[in-house]
Every structure is written in structure tokens, then in C-alpha cells.
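Here the structure comes first, spelled out in C-alpha cells, and everything after it is commentary.
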Amino acid sequence: MSEELVAKPKSKIFESDDSLYKVIKAKTKSDEDIVLVGFFPSLTLDIFYRFEGEKTINPKYGVQFKVTTYKREDLNDRDGIIGYLSSGLIKGIGVKSAEKIYELLGDDAINKIINDKNVLKGIKGFSQEKINTVYDSLILNQKLEKAYVELYSYGLTPNMVGKLYQEYGDNTLALIKQNPYRLIYEVVGFGFSKADNLALSFGFSRHSKKRLEEGVLYTLYEVCQQKGFTFLTDTQLLNSSLQILNKGAVEVDLIEANEIIDTITSLIKQDKFMKEENRYYPKALYEAEVKVAKDILRIKGYDKNKIYSLDLLTERLRDVEATYNIRYTEGQKDAIFNAINNNISIITGGPGTGKTTIVKGILNLLAVLNNKSITDDKFRHRLVLCAPTGRAALRLGKDCQVEAGTIHKTLGYNYAMEFEYNEGHKIPGDIIVIDEFSMVDIELCASLFEAIKTEAKVIIVGDSNQLPSVGPGNVLYDLIESNVINVTRLTDIMRQDSDSSIIEVCQGVNKSFVPYNMFNKKSDLYFYPADSTGTLEKILIFVQAFLNKGGSLQNDLQILVPMYAGPCGINAINKAIQEKFNDETVSLTRGSRVFKRLDKVLQLKNDPEKGIMNGDIGYIDSISHTDDGDYLMIRFDNLLVKYPAKDLDDLTLAYAISIHKSQGSEYKNVIMPILSDYYVMMKRKLIYTAFSRAKEKLILIGDYKMLAQSIKRLDDERQTTLYNRLFSKSLMTKRVIYIDDPDIPFDTLGEEGMEGITPYTFMNKS
């Protein structure tokens, strides 16, 4: 429950060098000590403030007062006025000058100066220039304090106010009053709902053109991002726009359908998004689909590549088999020969089906056909091996004994967040292997294929049963189903451990049948019943047993969880594991988050400057507190990266991670809770993706009935038109997927306090 506290800040215990978060030692009017924590854009020591918030108990630091809003008490006594004037906020004023001002002007000194700055002329040593400086500083600080209080009155938290002032500085209030909707695009943590609430508070009409345009644009882009669509139908866009724009409105203020239709027409004229028949596309997604289709057909249609006879390929493949002591099956040979005699081909199959072994065969056979060895430098320069994530690229390169990189690195992703290789500057390689292709969204695919030479040979590798990309599009599925590209589907298990229970359970998931007696028979697959309250406890017991046997939390074990929130979500599990198993005392705090030395951490976005990508996992090697600021040193595989404290928002603990973030990686041991708490996320492809990450041991904890139900729940289809663009324009209407639900479930992402929400969170109807 919120309460008020009047206190005088005395000293700063902690001040973040990259945000407005502070820990303040203060004294109440009754001279009691209190510790204040929160985000403070402006705070002067030794004067009284009225704080609103609540008392909390920190297990390490004791009682604290967590501040939500605050304002300065009136300055009407000697100590307060002198303290404020000499605090450093007023330029050119120290303690002695402040005392002189008080002696001359008394308890009403501040108001007297603001009303007439020339009252300072009576003070010895005050030139006109100094008088002007003092006056200007007072006016500015009065404006800032008023702005802080006003922003708090609109329901913004100190953290939000801090973000705004970091972005806009002293002009914050004026800029956002002019156009609150700019926050959607310019400040992390503001979606349409929060920007709209501000706009309405500032007096914007619910029916204003600006509001309607921003609501429709946001709806189109966000629904496509949430659902993985590349377009919405006219009905879907209309209904979803009405839903967000009429949220919280009384009947007399409701937006009518004709207003949305007029707004859509206006936005199309402004070239803000694209229309095709009754479909509306975000411009970037439309252009990406068109570009991918054009470039796929460009590469496929090149007719000057050499075609080899089946007899020659069979003969030369024997040399490869002899060199590596491999015997390829007839199905694998077909995959190899198809890849070599087609400009572009797809190899798809589940775990254990030999995809990487086939790629290795393709590369070696191509070398032999060119009278080279795979180790020959001239031949290796022709090869480009890549994957969406660093872990997947590392594994691909290791298995094929050829250097591989992320797709972003292959494209030359630079500090300006642009790709060096593009339509006008092609990737120099002419044999391109792209692994884990199910993870590639339509925009990344467009950037990659426009940079591939027409005469290049492209081999796409992926598991079509895995989750589709987090970003919009369903590229691998569309390419396979189009029949425009040669596809080899692998079904036979080729691993020596073909009796692996993990592979067997993955196959069972795809067939919607996993009998309970499949578990606990061998040493690689287990199921332990538990409810929501007991699952976290069981996870901690298994982690302890794992560590007792000499296992490494950083390298040998990964917990995969469908959702961030909840008593057994990713955040709760990470916190529990850190508290129980990492007793390091060297730490760095970021708001409510704590990072300790040796913590396992996950990168949340691409950072070309540091050379790390979204999804990379490492561990904290060291933590330093210096005069230049706090920073971490984090080891990502063989790369040691310096992290200033300002970049900690890009990191999260990684003892437990989402299944989406695990794609492209393999782990020796996987623990996965399966609970009804995750019901909205629990569908076949998610289960399959999680299970197929485990190499040696898969431990499931939770509700078997939930597992049995989940593998029968098919993932929602994605509305895309890439499939159709691979054909002539006249066939465009013959296979367009329209989700049979005109009222697309919609809510806002990217809002303050919505951490951990995934694109799938809002798919359930309530």
C-alpha cells in the first residue's frame, strides 16, 4: 500500500552511472534514518522532499523505502534555502554565497529572485553576469522540478521519467506534449497504450487524425510481429485497430469503422504501408517477400552451372567415403547429388537424420569434382557456411571442419547496423550453406539472398518441425511447400545411438503420441511428476545433484522454459539458482537485477561493436568498479567482451532460457518443466524444439497430462504470401493463408512492466 514520507536526503549510497537509479541515505523530520531507493532525475541533499512509495525489506540491506513519486517541499527555512542554493544545481553559488543571499533576502529568497533578479545587486561581488546566471539556473530548475511532478501526475514512474530525460533532456515535456506518439519509436518501453494515455492526458482528441493514424500503424506492425504474419486482411486490420483505439473509451467516444477505413486510405496514400487486393502489409515485410521470391528465382534460373552425371557423382563419392570412413545410404546420396546438381536445394530432417554428415559429404564431393581437397585454401575461399546464431555456426563449422559464422557476420553487419554485403556488393563465396534455416525470418532472408551471387550454389539446411522464426514470415515452410526448390526430406535415423530415447521421444512428439512408459527406461530420458509449487524445488535438487557429480552450470546443463513470468517461469528459476548456487560476493546491481561473477548470461540483442549477437550465451569472468564506471568482462566461447554498466539491459541470466532462444544450440543435458501454467505456449513445435536440444540427457518435470495435451495442439498457421510470389502473379490468389478469425487477438508489447512477454503470449482468447 502506498504511503507518504517526508525526509531529507543526506548522502548517496549508490548511484548508477548509466541510469537515474539511486540508493539514498535520508533522515525523516523526526530524525530517523531511512534508506530511499528509486529513480531520481533530480534530488538535492539536505532539503526536505515529500516521497510517495512503500516500505520494503531487502534481505541484505534491511528496511528501505521504494519511491514511486516525489516533490520538493517548500523552501522556507535557513538550512533548506542555503542547502538548495549551494547544492550545485545553481551555477556559481557556493555555501558562502548562499549564506549571503539568505542574510539579505530571508525565508522567501527563492521567490524574490525569481520575481526580480535584480534583488541580488545588493550582494557584494555579484556582477550582472553572475546575477543572470543564478536567475537562469533557478528558472531552469523550477521548470525541471515542475516537469518531473507533472510527468508523475500522468502516471509515469520515475524509471519512465528517467528514460525520457535521458532521451530528450531539458525539452522533455515540451517535445512529448507536441507529439507523445514519438515515444513508440524513440524510447524503449513505450508502446501505443502508454503513449496514447499521455496524449489523451495532454488533451488530444480520441478522434484526432494523428491518434487514428498512429493506432492503425501500430496495430498493423505489432500484430504482424506478435503473430509472425507478413500481412493482415482488411477485416483483421479494421477489427484490431478498433480494439486498441477504443480501449477504455465510453460509448459516446467510440471510434467508428468508417473512421478507420478513411485512416487506412490516407496512410496508403502517404505510402506508410502496402495494399495488395484485400491484404495490408508493413512496407518492409512486403518488400522483403517480393525480394526473396525474386532472388530465389534468380539463383534457381541460372543455367550455366555444370551438371554432373550420376555415374561420375557415385564414383567420386566413393573417394569421399573412403577418406572419411563413411558409408552413405541411398537416401543420403540422393540428398548429396541433388544439392550438387541444383543451384538451390533444401535438406530437411529431425535430430539424428544426418543433415550435417550430408553437408560434409556435399562439400568434400564438390572439392573432389574440382580436383581439390577440402583443406585447399583456394577451394575453402569459395565456401560460405553460416547459421542464425553463434552457437549454431560454431557447431556447423566444427562438424564440417570449415570456418562458419553467423548470417549477420557473413553479411558484414557493422556499427551502423547495416550490412556490408547487399544487392550491389555480393558475398564473395559461391558455395553457400545456411544451417538452422527454420530460424530465419523474411527480412533477414531478404538481406541474405539479395547478397548471394546468381551463379552461386545454395544449400539450405533445417528442421521444418521446429518453431518458425521469432520474426515475421514462415520462410522454410513456404520454400518447401512451394515445390519450386529441390527438397530432400530425411526420415531415417543415422546416429550410432539410433536407439536414443531422446530421438524416439522427438519422433513421438511429431506423431502426437508419447506414452508414459517411454520414460525412465534408459539413462537419457526421465519424467518426474510435480505440481507448480514442487517443480522449482525439484529443479534445484537436480541442479545440486548435477553439481555434486562435477557438472558445470556454464557448459553442461541448460534449463529450458516456455515463459518468463510466474512462480516457475524463467525469471523465478534464474533468481533461485543464482541465490542457491552462486555464492560469489562480487556483484553489480541494475535496478532489481543482480549480476554476480561466474553467472551464466544471455545476450538479448545484436551488438556488432562487441561482436556478439542476440542469443549468445556466456558467463561473467570478472566485475570491476572503477572511477570510469562499473563494468563486466563476459566470456562468450573464445571471445572476452567488456560490458559497461549502461549495457546491462542487453543481458539477462541464462541458467534458464526460453525455448525460442535455445534454437540453433545443443546442450549435453536439458531440464524442462512442463506445467499447465504455460498452457498458452505449449504446442507441438515448441515441445519438439525443446526436446531436440538435448544430446545426452533430457529431464522433464511436471504434469504428463499437460505434455500429452500439448503435443496434440498444432501451432497456429502464419499469414504469408511468399509461397505465392514464387509463382506467376496470376496464381497469387490460389494459396493465400487467411487465419479463420477476423478478430485477431491483440494486446500491446514493448510496454513498461511487460518484460518477458513473448509474441505468443496473447494468442489465447479470454
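Please note that chains go A, B, ... in the order of the C-alpha cells, that every chain numbers its residues from 1, and that ligands are numbered from 1 in the order shown.
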Do you know which residues are at most 10 Å from segment 603-609 of chain A counting only C-alpha atoms, after dropping those on the same chain fewer than 3 positions away, and could you put them as a ChimeraX atom specification? /A:408-409,412-418,612-618,636,648-654,661
For Gly80 of chain A, find every residue with an atom within 8 Å (counting only C-alpha atoms), except residues of its own chain fewer than 4 positions away, and show them as a PyMOL selection string. chain A and resi 46-48+75-76+84
Could those selected residues go to a file with C-alpha atoms, as a short mmCIF file (atom, residue, chain, number, x, y, z; two decimals), in the first residue's frame?
```cif
data_model
loop_
_atom_site.label_atom_id
_atom_site.label_comp_id
_atom_site.auth_asym_id
_atom_site.auth_seq_id
_atom_site.Cartn_x
_atom_site.Cartn_y
_atom_site.Cartn_z
CA ASP A 46 19.89 18.46 2.86
CA ILE A 47 16.45 19.76 1.85
CA PHE A 48 13.11 18.10 2.57
CA LEU A 75 11.88 26.05 0.94
CA ASN A 76 11.09 28.36 3.84
CA TYR A 84 19.37 24.20 -2.16
#
```
DSSP strand (DSSP E) residues within segment 319-349 of chain A, as an NGL selection string: :A and (344-349)
Saved selection, atoms kept: N, CA, C and O atoms, as a PDB file, in the first residue's frame:
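Wrote again.pdb, looks like this:
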```pdb
ATOM      1  N   ILE A 344      19.978 -24.373 -56.156  1.00  0.00           N
ATOM      2  CA  ILE A 344      19.495 -24.135 -54.796  1.00  0.00           C
ATOM      3  C   ILE A 344      18.711 -25.358 -54.350  1.00  0.00           C
ATOM      4  O   ILE A 344      17.903 -25.906 -55.113  1.00  0.00           O
ATOM      5  N   SER A 345      18.962 -25.838 -53.139  1.00  0.00           N
ATOM      6  CA  SER A 345      18.312 -27.053 -52.643  1.00  0.00           C
ATOM      7  C   SER A 345      18.089 -26.946 -51.148  1.00  0.00           C
ATOM      8  O   SER A 345      18.720 -26.133 -50.461  1.00  0.00           O
ATOM      9  N   ILE A 346      17.167 -27.775 -50.660  1.00  0.00           N
ATOM     10  CA  ILE A 346      16.841 -27.809 -49.232  1.00  0.00           C
ATOM     11  C   ILE A 346      17.021 -29.227 -48.716  1.00  0.00           C
ATOM     12  O   ILE A 346      16.585 -30.188 -49.352  1.00  0.00           O
ATOM     13  N   ILE A 347      17.661 -29.341 -47.551  1.00  0.00           N
ATOM     14  CA  ILE A 347      17.772 -30.618 -46.839  1.00  0.00           C
ATOM     15  C   ILE A 347      17.081 -30.433 -45.497  1.00  0.00           C
ATOM     16  O   ILE A 347      17.472 -29.578 -44.702  1.00  0.00           O
ATOM     17  N   THR A 348      16.040 -31.208 -45.243  1.00  0.00           N
ATOM     18  CA  THR A 348      15.294 -31.050 -44.003  1.00  0.00           C
ATOM     19  C   THR A 348      15.110 -32.399 -43.312  1.00  0.00           C
ATOM     20  O   THR A 348      14.930 -33.433 -43.965  1.00  0.00           O
ATOM     21  N   GLY A 349      15.200 -32.393 -41.991  1.00  0.00           N
ATOM     22  CA  GLY A 349      15.048 -33.615 -41.214  1.00  0.00           C
ATOM     23  C   GLY A 349      15.251 -33.327 -39.742  1.00  0.00           C
ATOM     24  O   GLY A 349      15.750 -32.264 -39.361  1.00  0.00           O
TER      25      GLY A 349
END
```
If you run DSSP on the backbone, which residues of segment 107-276 of chain A are alpha helix (DSSP H), as a PyMOL selection string? chain A and resi 109-115+128-153+158-168+172-178+183-186+192-201+209-227+234-245+257-269
Can you build me a table of segment 249-358 of chain A residues sitting at most 12 Å from segment 478-488 of chain A, with the closest atom pair per residue and its distance in Å to one decimal, using only C-alpha atoms, sorted by chain and residue number, as a Markdown table?
```
| residue | atom | partner | partner_atom | distance |
| --- | --- | --- | --- | --- |
| A:Glu289 | CA | A:Asp478 | CA | 10.9 |
| A:Val292 | CA | A:Leu479 | CA | 10.2 |
| A:Ala293 | CA | A:Leu479 | CA | 9.4 |
| A:Ile296 | CA | A:Ile485 | CA | 8.6 |
| A:Leu297 | CA | A:Val484 | CA | 8.4 |
| A:Arg298 | CA | A:Val484 | CA | 12.0 |
| A:Ile299 | CA | A:Ile485 | CA | 10.5 |
| A:Lys300 | CA | A:Ile485 | CA | 7.7 |
| A:Gly301 | CA | A:Val484 | CA | 10.6 |
| A:Glu330 | CA | A:Thr488 | CA | 11.9 |
| A:Gly331 | CA | A:Thr488 | CA | 8.4 |
| A:Gln332 | CA | A:Thr488 | CA | 8.8 |
| A:Lys333 | CA | A:Thr488 | CA | 10.4 |
| A:Asp334 | CA | A:Thr488 | CA | 7.7 |
| A:Ala335 | CA | A:Thr488 | CA | 5.6 |
| A:Ile336 | CA | A:Thr488 | CA | 9.2 |
| A:Phe337 | CA | A:Thr488 | CA | 10.4 |
| A:Asn338 | CA | A:Asn486 | CA | 7.2 |
| A:Ala339 | CA | A:Asn486 | CA | 8.1 |
| A:Ile340 | CA | A:Asn486 | CA | 11.0 |
| A:Asn341 | CA | A:Asn486 | CA | 10.0 |
| A:Asn342 | CA | A:Asn486 | CA | 7.3 |
| A:Asn343 | CA | A:Ile485 | CA | 9.1 |
| A:Ile344 | CA | A:Ile485 | CA | 6.5 |
| A:Ser345 | CA | A:Asn486 | CA | 4.9 |
| A:Ile346 | CA | A:Val487 | CA | 4.7 |
| A:Ile347 | CA | A:Thr488 | CA | 4.9 |
| A:Thr348 | CA | A:Thr488 | CA | 6.3 |
| A:Gly349 | CA | A:Thr488 | CA | 8.4 |
| A:Thr353 | CA | A:Thr488 | CA | 11.5 |
| A:Gly354 | CA | A:Thr488 | CA | 11.9 |
| A:Lys355 | CA | A:Thr488 | CA | 10.1 |
| A:Ile358 | CA | A:Thr488 | CA | 10.9 |
```
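For the residues A:Gly405, A:Pro644, A:Gly162, A:Gly94, ranking by smallest atom-to-atom distance to Val134 of chain A using only C-alpha atoms places A:Gly94 first.
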